[in-house]
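Structure file model.pdb (PDB, C-alpha atoms and all ligand atoms) is printed below.
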```pdb
MODEL        1
ATOM      1  CA  MET A   1      82.253  32.235 234.443
ATOM      2  CA  LEU A   2      85.948  33.142 234.334
ATOM      3  CA  THR A   3      86.961  35.946 232.002
ATOM      4  CA  LYS A   4      90.399  35.910 230.470
ATOM      5  CA  VAL A   5      92.669  38.525 231.975
ATOM      6  CA  HIS A   6      95.627  39.946 230.030
ATOM      7  CA  THR A   7      98.606  39.733 232.334
ATOM      8  CA  GLY A   8     101.393  40.587 229.925
ATOM      9  CA  LEU A   9     102.419  36.940 229.877
ATOM     10  CA  ASP A  10     100.012  36.352 227.042
ATOM     11  CA  PRO A  11     101.057  37.904 223.733
ATOM     12  CA  VAL A  12      98.846  40.715 222.574
ATOM     13  CA  PRO A  13      96.933  39.748 219.446
ATOM     14  CA  GLY A  14      98.431  41.306 216.334
ATOM     15  CA  VAL A  15      98.903  40.918 212.619
ATOM     16  CA  TRP A  16     102.676  40.542 212.225
ATOM     17  CA  TRP A  17     102.501  36.824 211.387
ATOM     18  CA  LYS A  18     100.230  37.354 208.479
ATOM     19  CA  PRO A  19     101.976  36.861 205.116
ATOM     20  CA  ALA A  20     103.634  40.023 203.780
ATOM     21  CA  HIS A  21     101.803  41.913 201.124
ATOM     22  CA  LYS A  22     103.097  41.421 197.603
ATOM     23  CA  ALA A  23     104.206  45.038 197.334
ATOM     24  CA  GLU A  24     106.273  44.654 200.511
ATOM     25  CA  LYS A  25     107.990  41.557 199.140
ATOM     26  CA  VAL A  26     108.792  43.403 195.925
ATOM     27  CA  TRP A  27     110.358  46.276 197.863
ATOM     28  CA  VAL A  28     112.433  43.908 200.004
ATOM     29  CA  ALA A  29     113.669  42.218 196.814
ATOM     30  CA  ILE A  30     114.543  45.571 195.213
ATOM     31  CA  ALA A  31     116.367  46.735 198.357
ATOM     32  CA  PHE A  32     118.326  43.473 198.571
ATOM     33  CA  ALA A  33     119.276  43.625 194.890
ATOM     34  CA  TRP A  34     120.488  47.217 195.329
ATOM     35  CA  CYS A  35     122.522  46.164 198.398
ATOM     36  CA  MET A  36     124.247  43.576 196.226
ATOM     37  CA  VAL A  37     124.976  46.173 193.528
ATOM     38  CA  LEU A  38     126.575  48.510 196.091
ATOM     39  CA  PHE A  39     128.462  45.606 197.641
ATOM     40  CA  ALA A  40     129.898  44.688 194.239
ATOM     41  CA  MET A  41     130.805  48.318 193.580
ATOM     42  CA  MET A  42     133.260  48.399 196.500
ATOM     43  CA  PRO A  43     135.845  46.019 194.992
ATOM     44  CA  LEU A  44     134.922  47.129 191.468
ATOM     45  CA  TRP A  45     135.569  50.773 192.280
ATOM     46  CA  HIS A  46     138.800  49.902 194.021
ATOM     47  CA  TYR A  47     140.190  48.203 190.916
ATOM     48  CA  ARG A  48     138.460  50.110 188.098
ATOM     49  CA  GLY A  49     137.605  53.495 189.555
ATOM     50  CA  GLY A  50     141.211  54.574 190.057
ATOM     51  CA  GLN A  51     140.190  56.382 193.218
ATOM     52  CA  ASN A  52     141.133  54.116 196.096
ATOM     53  CA  PRO A  53     144.889  53.875 196.342
ATOM     54  CA  ALA A  54     146.472  50.500 196.933
ATOM     55  CA  GLY A  55     149.139  51.366 199.469
ATOM     56  CA  VAL A  56     151.702  49.276 201.273
ATOM     57  CA  ARG A  57     151.622  49.609 205.034
ATOM     58  CA  GLY A  58     154.425  48.682 207.329
ATOM     59  CA  LYS A  59     155.178  49.228 210.988
ATOM     60  CA  VAL A  60     157.861  51.746 211.709
ATOM     61  CA  ASP A  61     159.341  53.468 214.736
ATOM     62  CA  PRO A  62     158.124  57.113 214.597
ATOM     63  CA  GLU A  63     161.518  58.504 215.648
ATOM     64  CA  ALA A  64     163.325  56.320 213.118
ATOM     65  CA  PHE A  65     160.946  57.450 210.367
ATOM     66  CA  TYR A  66     161.527  61.088 211.297
ATOM     67  CA  ALA A  67     165.304  60.550 211.275
ATOM     68  CA  ARG A  68     165.057  58.892 207.846
ATOM     69  CA  THR A  69     162.969  61.818 206.576
ATOM     70  CA  GLN A  70     165.546  64.335 207.823
ATOM     71  CA  GLU A  71     168.284  62.330 206.119
ATOM     72  CA  PHE A  72     166.232  62.317 202.897
ATOM     73  CA  ALA A  73     165.661  66.076 203.154
ATOM     74  CA  ALA A  74     169.355  66.799 203.693
ATOM     75  CA  GLN A  75     170.260  64.630 200.703
ATOM     76  CA  TYR A  76     168.041  66.366 198.136
ATOM     77  CA  GLN A  77     167.471  69.855 199.564
ATOM     78  CA  ILE A  78     167.416  72.645 196.959
ATOM     79  CA  GLY A  79     166.031  75.502 199.006
ATOM     80  CA  ALA A  80     163.928  76.445 201.996
ATOM     81  CA  ASP A  81     160.642  78.141 202.728
ATOM     82  CA  ARG A  82     160.279  79.549 206.242
ATOM     83  CA  GLY A  83     162.764  77.112 207.646
ATOM     84  CA  ILE A  84     161.240  74.047 205.996
ATOM     85  CA  PRO A  85     163.554  72.472 203.414
ATOM     86  CA  ILE A  86     162.390  72.278 199.813
ATOM     87  CA  VAL A  87     163.435  68.857 198.610
ATOM     88  CA  LYS A  88     163.720  67.678 195.024
ATOM     89  CA  PRO A  89     164.272  63.926 194.840
ATOM     90  CA  PRO A  90     165.130  62.270 191.514
ATOM     91  CA  PRO A  91     162.280  60.466 189.717
ATOM     92  CA  GLY A  92     161.809  56.932 190.979
ATOM     93  CA  ALA A  93     163.235  57.760 194.399
ATOM     94  CA  ASP A  94     161.770  56.892 197.763
ATOM     95  CA  VAL A  95     160.203  60.099 199.029
ATOM     96  CA  TYR A  96     159.504  60.772 202.719
ATOM     97  CA  LEU A  97     156.918  63.059 204.241
ATOM     98  CA  VAL A  98     156.234  63.333 207.948
ATOM     99  CA  GLY A  99     153.382  65.034 209.779
ATOM    100  CA  LEU A 100     154.211  66.552 213.137
ATOM    101  CA  THR A 101     152.493  69.069 215.372
ATOM    102  CA  TYR A 102     151.998  71.404 213.575
ATOM    103  CA  SER A 103     153.665  71.165 210.200
ATOM    104  CA  TRP A 104     154.448  68.890 207.270
ATOM    105  CA  TYR A 105     158.110  68.112 206.718
ATOM    106  CA  PRO A 106     159.678  68.650 204.220
ATOM    107  CA  ILE A 107     158.301  70.530 201.179
ATOM    108  CA  LEU A 108     158.390  68.176 198.195
ATOM    109  CA  GLN A 109     159.172  69.207 194.649
ATOM    110  CA  LEU A 110     158.233  66.483 192.180
ATOM    111  CA  GLU A 111     158.112  66.194 188.413
ATOM    112  CA  ALA A 112     154.823  65.607 186.620
ATOM    113  CA  GLY A 113     154.617  62.271 184.836
ATOM    114  CA  LYS A 114     157.361  60.652 186.922
ATOM    115  CA  GLU A 115     156.714  57.915 189.454
ATOM    116  CA  TYR A 116     157.822  58.126 193.068
ATOM    117  CA  MET A 117     157.467  55.883 196.087
ATOM    118  CA  LEU A 118     155.915  58.184 198.654
ATOM    119  CA  HIS A 119     156.223  57.231 202.327
ATOM    120  CA  ILE A 120     153.944  59.081 204.730
ATOM    121  CA  SER A 121     153.920  58.798 208.495
ATOM    122  CA  SER A 122     153.569  60.843 211.648
ATOM    123  CA  LYS A 123     156.109  61.695 214.335
ATOM    124  CA  ASP A 124     153.601  62.138 217.136
ATOM    125  CA  VAL A 125     149.803  61.924 216.835
ATOM    126  CA  ASN A 126     147.240  61.146 214.156
ATOM    127  CA  HIS A 127     147.181  63.657 211.326
ATOM    128  CA  GLY A 128     145.146  63.776 208.146
ATOM    129  CA  PHE A 129     146.842  64.233 204.793
ATOM    130  CA  SER A 130     144.620  66.194 202.453
ATOM    131  CA  LEU A 131     146.097  67.501 199.213
ATOM    132  CA  PHE A 132     144.390  70.751 198.304
ATOM    133  CA  PRO A 133     142.665  71.439 195.978
ATOM    134  CA  LEU A 134     142.827  67.837 194.731
ATOM    135  CA  ASN A 135     140.690  65.105 196.224
ATOM    136  CA  VAL A 136     143.393  63.094 197.979
ATOM    137  CA  ASN A 137     142.934  62.035 201.597
ATOM    138  CA  PHE A 138     144.888  59.754 203.917
ATOM    139  CA  GLN A 139     145.096  59.014 207.575
ATOM    140  CA  VAL A 140     148.620  59.615 208.822
ATOM    141  CA  VAL A 141     149.215  57.365 211.789
ATOM    142  CA  PRO A 142     152.324  57.302 213.988
ATOM    143  CA  GLY A 143     154.052  53.930 213.933
ATOM    144  CA  TYR A 144     152.881  53.116 210.417
ATOM    145  CA  ASP A 145     154.589  53.878 207.138
ATOM    146  CA  TYR A 146     151.962  54.347 204.452
ATOM    147  CA  ALA A 147     153.780  53.848 201.175
ATOM    148  CA  LEU A 148     152.160  54.794 197.881
ATOM    149  CA  ARG A 149     153.332  54.677 194.305
ATOM    150  CA  VAL A 150     152.427  58.115 193.021
ATOM    151  CA  THR A 151     152.748  59.745 189.635
ATOM    152  CA  PRO A 152     151.808  63.436 189.778
ATOM    153  CA  THR A 153     149.702  64.297 186.761
ATOM    154  CA  THR A 154     149.064  67.999 187.335
ATOM    155  CA  SER A 155     151.759  70.599 187.791
ATOM    156  CA  GLY A 156     151.239  73.314 190.340
ATOM    157  CA  ASP A 157     151.931  74.501 193.836
ATOM    158  CA  PHE A 158     149.708  72.453 196.128
ATOM    159  CA  ARG A 159     148.915  72.657 199.804
ATOM    160  CA  ILE A 160     148.714  69.822 202.281
ATOM    161  CA  ILE A 161     145.962  70.496 204.795
ATOM    162  CA  CYS A 162     145.700  68.506 208.014
ATOM    163  CA  ASN A 163     142.152  67.183 208.170
ATOM    164  CA  GLU A 164     142.409  65.288 211.452
ATOM    165  CA  PHE A 165     142.123  67.338 214.632
ATOM    166  CA  CYS A 166     145.549  67.010 216.245
ATOM    167  CA  GLY A 167     145.748  69.821 218.784
ATOM    168  CA  ILE A 168     145.737  73.554 219.348
ATOM    169  CA  GLY A 169     147.676  74.323 216.153
ATOM    170  CA  HIS A 170     145.712  71.957 213.914
ATOM    171  CA  HIS A 171     144.256  74.734 211.775
ATOM    172  CA  MET A 172     147.739  76.084 211.028
ATOM    173  CA  MET A 173     149.168  72.765 209.883
ATOM    174  CA  VAL A 174     149.698  73.483 206.199
ATOM    175  CA  GLY A 175     152.382  71.966 203.987
ATOM    176  CA  ARG A 176     153.426  72.211 200.348
ATOM    177  CA  VAL A 177     153.910  69.923 197.381
ATOM    178  CA  ILE A 178     155.267  71.506 194.210
ATOM    179  CA  VAL A 179     154.842  69.657 190.935
ATOM    180  CA  THR A 180     156.865  70.923 187.973
ATOM    181  CA  ASP A 181     156.695  70.092 184.268
ATOM    182  CA  GLY A 182     160.090  68.473 183.994
ATOM    183  CA  ASP A 183     162.306  71.528 183.501
ATOM    184  CA  GLY A 184     160.261  73.487 186.022
ATOM    185  CA  THR A 185     161.384  76.809 187.359
ATOM    186  CA  PRO A 186     163.604  76.377 190.393
ATOM    187  CA  VAL A 187     161.651  77.332 193.472
ATOM    188  CA  ALA A 188     164.325  79.761 194.593
ATOM    189  CA  ASP A 189     163.452  81.857 191.518
ATOM    190  CA  ASN A 190     159.732  81.698 192.135
ATOM    191  CA  PRO A 191     158.697  85.096 193.516
ATOM    192  CA  ASN A 192     155.536  83.573 194.959
ATOM    193  CA  ALA A 193     157.379  80.922 196.942
ATOM    194  CA  GLN A 194     157.564  83.017 200.085
ATOM    195  CA  VAL A 195     154.233  84.799 200.031
ATOM    196  CA  GLU A 196     151.898  82.039 198.921
ATOM    197  CA  SER A 197     152.836  79.536 201.546
ATOM    198  CA  GLY A 198     150.447  79.181 204.431
ATOM    199  CA  GLY A 199     151.353  77.869 207.844
ATOM    200  CA  PRO A 200     153.337  79.368 210.666
ATOM    201  CA  GLN A 201     156.961  78.929 211.554
TER     202      GLN A 201
HETATM  203 CU1  LIG B   1     147.713  67.688 212.190
HETATM  204 CU2  LIG B   1     145.509  68.445 212.490
ENDMDL
END
```

Could you show the structure in this file as structure tokens?
Ligand code: CUA
Amino acid sequence: MLTKVHTGLDPVPGVWWKPAHKAEKVWVAIAFAWCMVLFAMMPLWHYRGGQNPAGVRGKVDPEAFYARTQEFAAQYQIGADRGIPIVKPPPGADVYLVGLTYSWYPILQLEAGKEYMLHISSKDVNHGFSLFPLNVNFQVVPGYDYALRVTPTTSGDFRIICNEFCGIGHHMMVGRVIVTDGDGTPVADNPNAQVESGGPQ
């Protein structure tokens, strides 16, 4: 009498085709329902959460963007901190900020409660725009102008930290954004302007 030999061509007997247990079905249903909740939260949070910015992206030549930023800085410069111009554009203006190894150019002075069109880009490699200590993060990509309508709500002297590794000086890439309450003290008169600023020159 021939005995059946398992060669590997015959499937090994198992239990996977048996109907799922009721508890398993319930858990699959709960997991699927939760997936749908999280899926719905993505667009909901974008529109209602006020956390994800709706920016306008456009292609731009990195050198041309840098030249435009320098032009902008020269137009509205009111001072300087370690060689970086402090620039105070009028409310409603187009504001330019460029990341380059290893600094942020220029230093912006904005008024709280006023809207600006902020254009951010990079002159060379990928940088990360992180406004400290607020929770604001953007990728700064060369060749792309990331334009955002911003209205600063909190006055203060903020730091821009680079949060994308961009080279040997990455950890020293610190910039400044100053937000004043309308008739804010001119930065030239601020005794802390020179000492507080991080970043090398
Ligand atoms: Cu720029 Cu890291």

Just want the residues within 7 Å of ligand LIG 1 (chain B), written as a JSON list (two decimals) with C-alpha atoms, in the frame of the given file, counting only C-alpha atoms and all ligand atoms.
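Saved the output as selection-v2.json:
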```json
[["chain", "number", "residue", "atom", "x", "y", "z"],
["A", 99, "GLY", "CA", 153.38, 65.03, 209.78],
["A", 100, "LEU", "CA", 154.21, 66.55, 213.14],
["A", 101, "THR", "CA", 152.49, 69.07, 215.37],
["A", 102, "TYR", "CA", 152.00, 71.40, 213.58],
["A", 126, "ASN", "CA", 147.24, 61.15, 214.16],
["A", 127, "HIS", "CA", 147.18, 63.66, 211.33],
["A", 128, "GLY", "CA", 145.15, 63.78, 208.15],
["A", 162, "CYS", "CA", 145.70, 68.51, 208.01],
["A", 163, "ASN", "CA", 142.15, 67.18, 208.17],
["A", 164, "GLU", "CA", 142.41, 65.29, 211.45],
["A", 165, "PHE", "CA", 142.12, 67.34, 214.63],
["A", 166, "CYS", "CA", 145.55, 67.01, 216.24],
["A", 167, "GLY", "CA", 145.75, 69.82, 218.78],
["A", 170, "HIS", "CA", 145.71, 71.96, 213.91],
["A", 171, "HIS", "CA", 144.26, 74.73, 211.78],
["A", 173, "MET", "CA", 149.17, 72.76, 209.88]]
```

- Message: When the PyMOL selection byres (((chain A and resi 73) around 12) and not hetatm) is applied to the structure above, which residues does it catch, written out as a PyMOL selection string?
- Response: chain A and resi 66-72+74-80+84-89+94-98+105-109

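Residues with any atom within 7 Å of Val150 in chain A, counting all atoms listed in the file and excluding same-chain neighbours fewer than 6 positions away, are Glu115, Tyr116, Met117 and Leu118 of chain A.
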
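Using all atoms listed in the file for every distance, the candidate list A:Leu44, A:Thr153, A:His119, A:Trp104 yields A:Trp104 as the residue closest to Met172 in chain A.
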
Ground truth for the PyMOL selection byres (((chain A and resi 112) around 9) and not hetatm), written as a PDB file with C-alpha atoms, in the coordinates of the input:
```pdb
ATOM      1  CA  LEU A 110     158.233  66.483 192.180  1.00  0.00           C
ATOM      2  CA  GLU A 111     158.112  66.194 188.413  1.00  0.00           C
ATOM      3  CA  GLY A 113     154.617  62.271 184.836  1.00  0.00           C
ATOM      4  CA  LYS A 114     157.361  60.652 186.922  1.00  0.00           C
ATOM      5  CA  GLU A 115     156.714  57.915 189.454  1.00  0.00           C
ATOM      6  CA  THR A 151     152.748  59.745 189.635  1.00  0.00           C
ATOM      7  CA  PRO A 152     151.808  63.436 189.778  1.00  0.00           C
ATOM      8  CA  THR A 153     149.702  64.297 186.761  1.00  0.00           C
ATOM      9  CA  THR A 154     149.064  67.999 187.335  1.00  0.00           C
ATOM     10  CA  SER A 155     151.759  70.599 187.791  1.00  0.00           C
ATOM     11  CA  VAL A 179     154.842  69.657 190.935  1.00  0.00           C
ATOM     12  CA  THR A 180     156.865  70.923 187.973  1.00  0.00           C
ATOM     13  CA  ASP A 181     156.695  70.092 184.268  1.00  0.00           C
ATOM     14  CA  GLY A 182     160.090  68.473 183.994  1.00  0.00           C
TER      15      GLY A 182
END
```

- Message: List as number ranges by chain the protein and nucleic acid residues near Pro62 in chain A, meaning an atom at most 6 Å away when only C-alpha atoms are counted, but skip any in the same chain fewer than 5 places from it.
- Response: A: 123, 142-143

- Query: Of the candidates A:Tyr144, A:Arg176, A:Phe138, A:Ile160, which shows the shortest atom-to-atom distance to Val60 in chain A, using all atoms listed in the file?
  - Reply: A:Tyr144

- Item | Interatomic distance (Å, one decimal) between CA of Leu148 in chain A and CA of Val56 in chain A | 6.5 Å

- Message: Neighbouring residues of Ile178 in chain A were defined as those with any atom within 6 Å, considering all atoms listed in the file; residues of the same chain fewer than 2 positions away were excluded. Please report them as a PyMOL selection string.
- Response: chain A and resi 109+156-158

For range 14-25 of chain A, I'd like the enclosing box, axis-aligned and padded by 6 Å on every side, reported as JSON with centre and edge lengths in Å to one decimal.
```
{"center_x": 103.2, "center_y": 40.9, "center_z": 206.8, "size_x": 21.6, "size_y": 20.2, "size_z": 31.0}
```

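The gap separating CA of Ala147 in chain A from CA of Gly58 in chain A is 8.1 Å, in Å to one decimal.
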
- Query: Could you state the separation of CA of Phe32 in chain A and CA of Gly49 in chain A in Å, given to one decimal place?
  - Reply: 23.5 Å

- Counting all atoms listed in the file, figure out which residue out of A:Met42, A:Ala93, A:Val177, A:Ala20 gets nearest to Phe129 in chain A. A:Val177
